[in-house]
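To start, the structure under review is shown below, and the notes come after it.
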Amino acid sequence: MVEQKRGVIAPQPRRPERPGPPRAAIMRRRLVALCVLLAALIGLGFAIAGVRDRGPKKTPTVAAAPKPFRIVFPEGFTRVDMASRVRSVAEIAARERRRAPRLGEQAYLAASAGKRFIPGFGRRRLEGFLFPATYQFTGRTTSGQLVAAQLRAFRRNWRTINLAYARSKNLTPYDVLTIASMVEKEAVAPDERPKIARVIYNRLHERMPLQIDATTRYGFHVPGTQSLLQSQLNSDNPYNTRKVVGLPPTPIANPGLASIQAAAHPIAGDWLYFVRKPDKVHHFFTASERAFNDYKNAHGF
């Protein structure tokens, strides 16, 4: 028995040392720890990428649509003139885009042929209703769609016309449109439209032939660059207003809004005659047949 001195701790028996883990086990533990660390790093990378993906997205780039072409129909063009203009513009479009558009001369003539029901006018041929303006088209636009756009433009503009005065003179809407087409073909100076309309009103009232050669040209398909034959001027063609009293059967062109307004609201005046002045722009107006003939003789007409 060991004697324990006061203030001194007796020595404790030493625990036996445990043997350390084998080296292979240590390597396995380190490998597992490394795999866990790599997995954590990979997961963190996916999380960061997910946050970036949820950020603002860029709008995908879309190719701009081809710029549409324009086709201009001047006031006073006939249906045949418009078909010719369609051919010219379609050829330009084909050269620029290297692809033929669906619009074409024959297709336009077919789309505008025959009669259609026009509100306020009944079933009519489309001459006079193909409103002259600037229209846009693409390679896929059809002639039927172009004609439909012209008819919509006509209805939109026609709604602005007050026909009260024309009705007081027993003229129908179709009569007004027909007069407007003649005004369009005869007037060059814009301010003379209401005067030319008044001459037509006065001659109708007096039951005089209108004697507007533009109607005869239309009836015989004679362009303005050619002279009318005496046989044509003596004919009974319903468009020959040199001989046939009253309005021609249909409009002879497609008038613009200004000529339609003039035909519905002619200016006051007693004129019965007018003749082109030497400047080929303005007209000489008179109520006297003698003054009319004197003016023509003085200027070699």
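Residue numbering restarts at 1 in every chain; chains get A, B, ... in the order shown in the structure tokens, and ligands count up from 1 in that same order.
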Inset, instruction - Extract the full set of strand (DSSP E) residues from range 52-300 of chain A according to DSSP on the backbone, and format it as a ChimeraX atom specification. - result: /A:69-72,115-118,122-125,134-137,273-276,283-286
Just N, CA, C and O atoms for this one: save the residues we selected as a compact mmCIF listing (two decimals), in the first residue's frame.
```txt
# COMPACT_ATOMS: atom_id res chain seq x y z
N PHE A 69 -44.48 48.34 -101.29
CA PHE A 69 -44.39 49.21 -102.45
C PHE A 69 -45.60 50.14 -102.48
O PHE A 69 -46.61 49.89 -101.82
N ARG A 70 -45.49 51.21 -103.25
CA ARG A 70 -46.60 52.14 -103.41
C ARG A 70 -47.02 52.17 -104.87
O ARG A 70 -46.19 52.09 -105.77
N ILE A 71 -48.32 52.28 -105.08
CA ILE A 71 -48.85 52.46 -106.42
C ILE A 71 -49.75 53.69 -106.41
O ILE A 71 -50.63 53.82 -105.55
N VAL A 72 -49.52 54.61 -107.34
CA VAL A 72 -50.25 55.87 -107.40
C VAL A 72 -51.19 55.86 -108.60
O VAL A 72 -50.76 55.68 -109.74
N LYS A 115 -70.14 43.75 -112.94
CA LYS A 115 -70.90 44.65 -112.08
C LYS A 115 -70.85 44.19 -110.64
O LYS A 115 -70.71 43.01 -110.36
N ARG A 116 -70.97 45.16 -109.74
CA ARG A 116 -71.04 44.86 -108.30
C ARG A 116 -72.10 45.76 -107.67
O ARG A 116 -72.42 46.82 -108.19
N PHE A 117 -72.57 45.31 -106.55
CA PHE A 117 -73.51 46.14 -105.81
C PHE A 117 -72.72 47.18 -105.03
O PHE A 117 -71.87 46.84 -104.20
N ILE A 118 -73.02 48.45 -105.30
CA ILE A 118 -72.38 49.58 -104.60
C ILE A 118 -73.47 50.26 -103.77
O ILE A 118 -74.47 50.71 -104.34
N GLY A 122 -76.71 50.79 -106.40
CA GLY A 122 -77.19 49.56 -107.01
C GLY A 122 -76.05 48.79 -107.67
O GLY A 122 -74.88 49.01 -107.37
N ARG A 123 -76.39 47.89 -108.59
CA ARG A 123 -75.37 47.11 -109.30
C ARG A 123 -74.82 47.95 -110.45
O ARG A 123 -75.56 48.36 -111.35
N ARG A 124 -73.53 48.18 -110.40
CA ARG A 124 -72.89 49.04 -111.41
C ARG A 124 -71.55 48.46 -111.83
O ARG A 124 -70.91 47.70 -111.09
N ARG A 125 -71.13 48.85 -113.02
CA ARG A 125 -69.75 48.59 -113.41
C ARG A 125 -68.84 49.48 -112.57
O ARG A 125 -69.26 50.53 -112.08
N THR A 134 -53.10 56.91 -103.51
CA THR A 134 -51.88 56.13 -103.36
C THR A 134 -52.16 54.94 -102.46
O THR A 134 -52.69 55.10 -101.36
N TYR A 135 -51.81 53.76 -102.94
CA TYR A 135 -52.05 52.53 -102.20
C TYR A 135 -50.74 51.78 -101.99
O TYR A 135 -49.83 51.86 -102.82
N GLN A 136 -50.66 51.04 -100.90
CA GLN A 136 -49.49 50.22 -100.62
C GLN A 136 -49.80 48.75 -100.91
O GLN A 136 -50.94 48.31 -100.75
N PHE A 137 -48.78 48.03 -101.35
CA PHE A 137 -48.97 46.61 -101.58
C PHE A 137 -47.66 45.88 -101.32
O PHE A 137 -46.58 46.47 -101.35
N TYR A 273 -70.98 77.36 -122.91
CA TYR A 273 -69.86 76.97 -123.76
C TYR A 273 -68.54 77.19 -123.03
O TYR A 273 -68.41 78.12 -122.22
N PHE A 274 -67.58 76.38 -123.36
CA PHE A 274 -66.21 76.64 -122.92
C PHE A 274 -65.25 76.01 -123.92
O PHE A 274 -65.57 75.01 -124.58
N VAL A 275 -64.10 76.65 -124.06
CA VAL A 275 -63.08 76.19 -124.99
C VAL A 275 -61.72 76.44 -124.38
O VAL A 275 -61.53 77.43 -123.65
N ARG A 276 -60.78 75.56 -124.65
CA ARG A 276 -59.44 75.66 -124.08
C ARG A 276 -58.72 76.89 -124.61
O ARG A 276 -58.73 77.17 -125.81
N HIS A 283 -59.72 77.84 -119.52
CA HIS A 283 -60.78 77.82 -120.52
C HIS A 283 -61.45 79.19 -120.62
O HIS A 283 -61.48 79.95 -119.66
N PHE A 284 -61.97 79.44 -121.79
CA PHE A 284 -62.81 80.61 -122.03
C PHE A 284 -64.26 80.15 -121.88
O PHE A 284 -64.70 79.21 -122.55
N PHE A 285 -65.01 80.80 -120.97
CA PHE A 285 -66.40 80.44 -120.70
C PHE A 285 -67.32 81.55 -121.21
O PHE A 285 -67.04 82.73 -121.02
N THR A 286 -68.46 81.16 -121.78
CA THR A 286 -69.42 82.15 -122.26
C THR A 286 -70.80 81.53 -122.35
O THR A 286 -70.93 80.30 -122.46
```
Inset, instruction - Would you please extract all alpha helix (DSSP H) residues from range 94-282 of chain A, as assigned by DSSP on the backbone, and give them as a PyMOL selection string? - result: chain A and resi 94-97+105-111+143-158+164-168+173-186+193-206+213-220+230-233+257-264
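Taking CA of Phe301 in chain A and CA of Arg242 in chain A as endpoints, the distance between them is 16.6 Å.
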Legend entry - Polymer residues at most 7 Å from range 230-239 of chain A, only C-alpha atoms, same-chain spacing of 3 or more positions, as a list in words: Thr215, Thr216, Gly219, Arg242, Lys243, Val244, Pro248 and Pro249 of chain A
Legend entry - Of the listed residues A:Ser112, A:Gln106, A:Ser88, A:Thr250, that which approaches Val147 in chain A most closely, counting only C-alpha atoms: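 Distance minimum relative to Val147 in chain A lands on A:Ser112.
Remark: for Gln150 in chain A, the closest of the candidate residues A:Arg79, A:His299, A:Arg95, A:Lys280 is A:Arg79 (distances computed over only C-alpha atoms).
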Inset, instruction - Show which residues sit within 9 Å of range 170-175 of chain A, as number ranges by chain. Count only C-alpha atoms, and ignore same-chain residues fewer than 6 positions away. - result: A: 120-121, 163, 247, 250-251, 264
Inset, instruction - Considering only C-alpha atoms, return as number ranges by chain whatever protein or nucleic-acid residues lie within 8 Å of Leu177 in chain A, sequence-local ones (same chain, fewer than 6 positions apart) excluded. - result: A: 128, 251, 255, 260, 263
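Going from CA of Asp294 in chain A to CA of Leu272 in chain A covers 14.7 Å.
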Inset, instruction - Have a look at CA of Val222 in chain A and CA of Gly114 in chain A and let me know their distance in Å, one decimal. - result: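 Separating CA of Val222 in chain A from CA of Gly114 in chain A is a distance of 21.8 Å.
Using only C-alpha atoms, the nearest neighbour of Gly246 in chain A within the list A:Lys195, A:Lys67, A:Arg98, A:Arg203 is A:Arg203.
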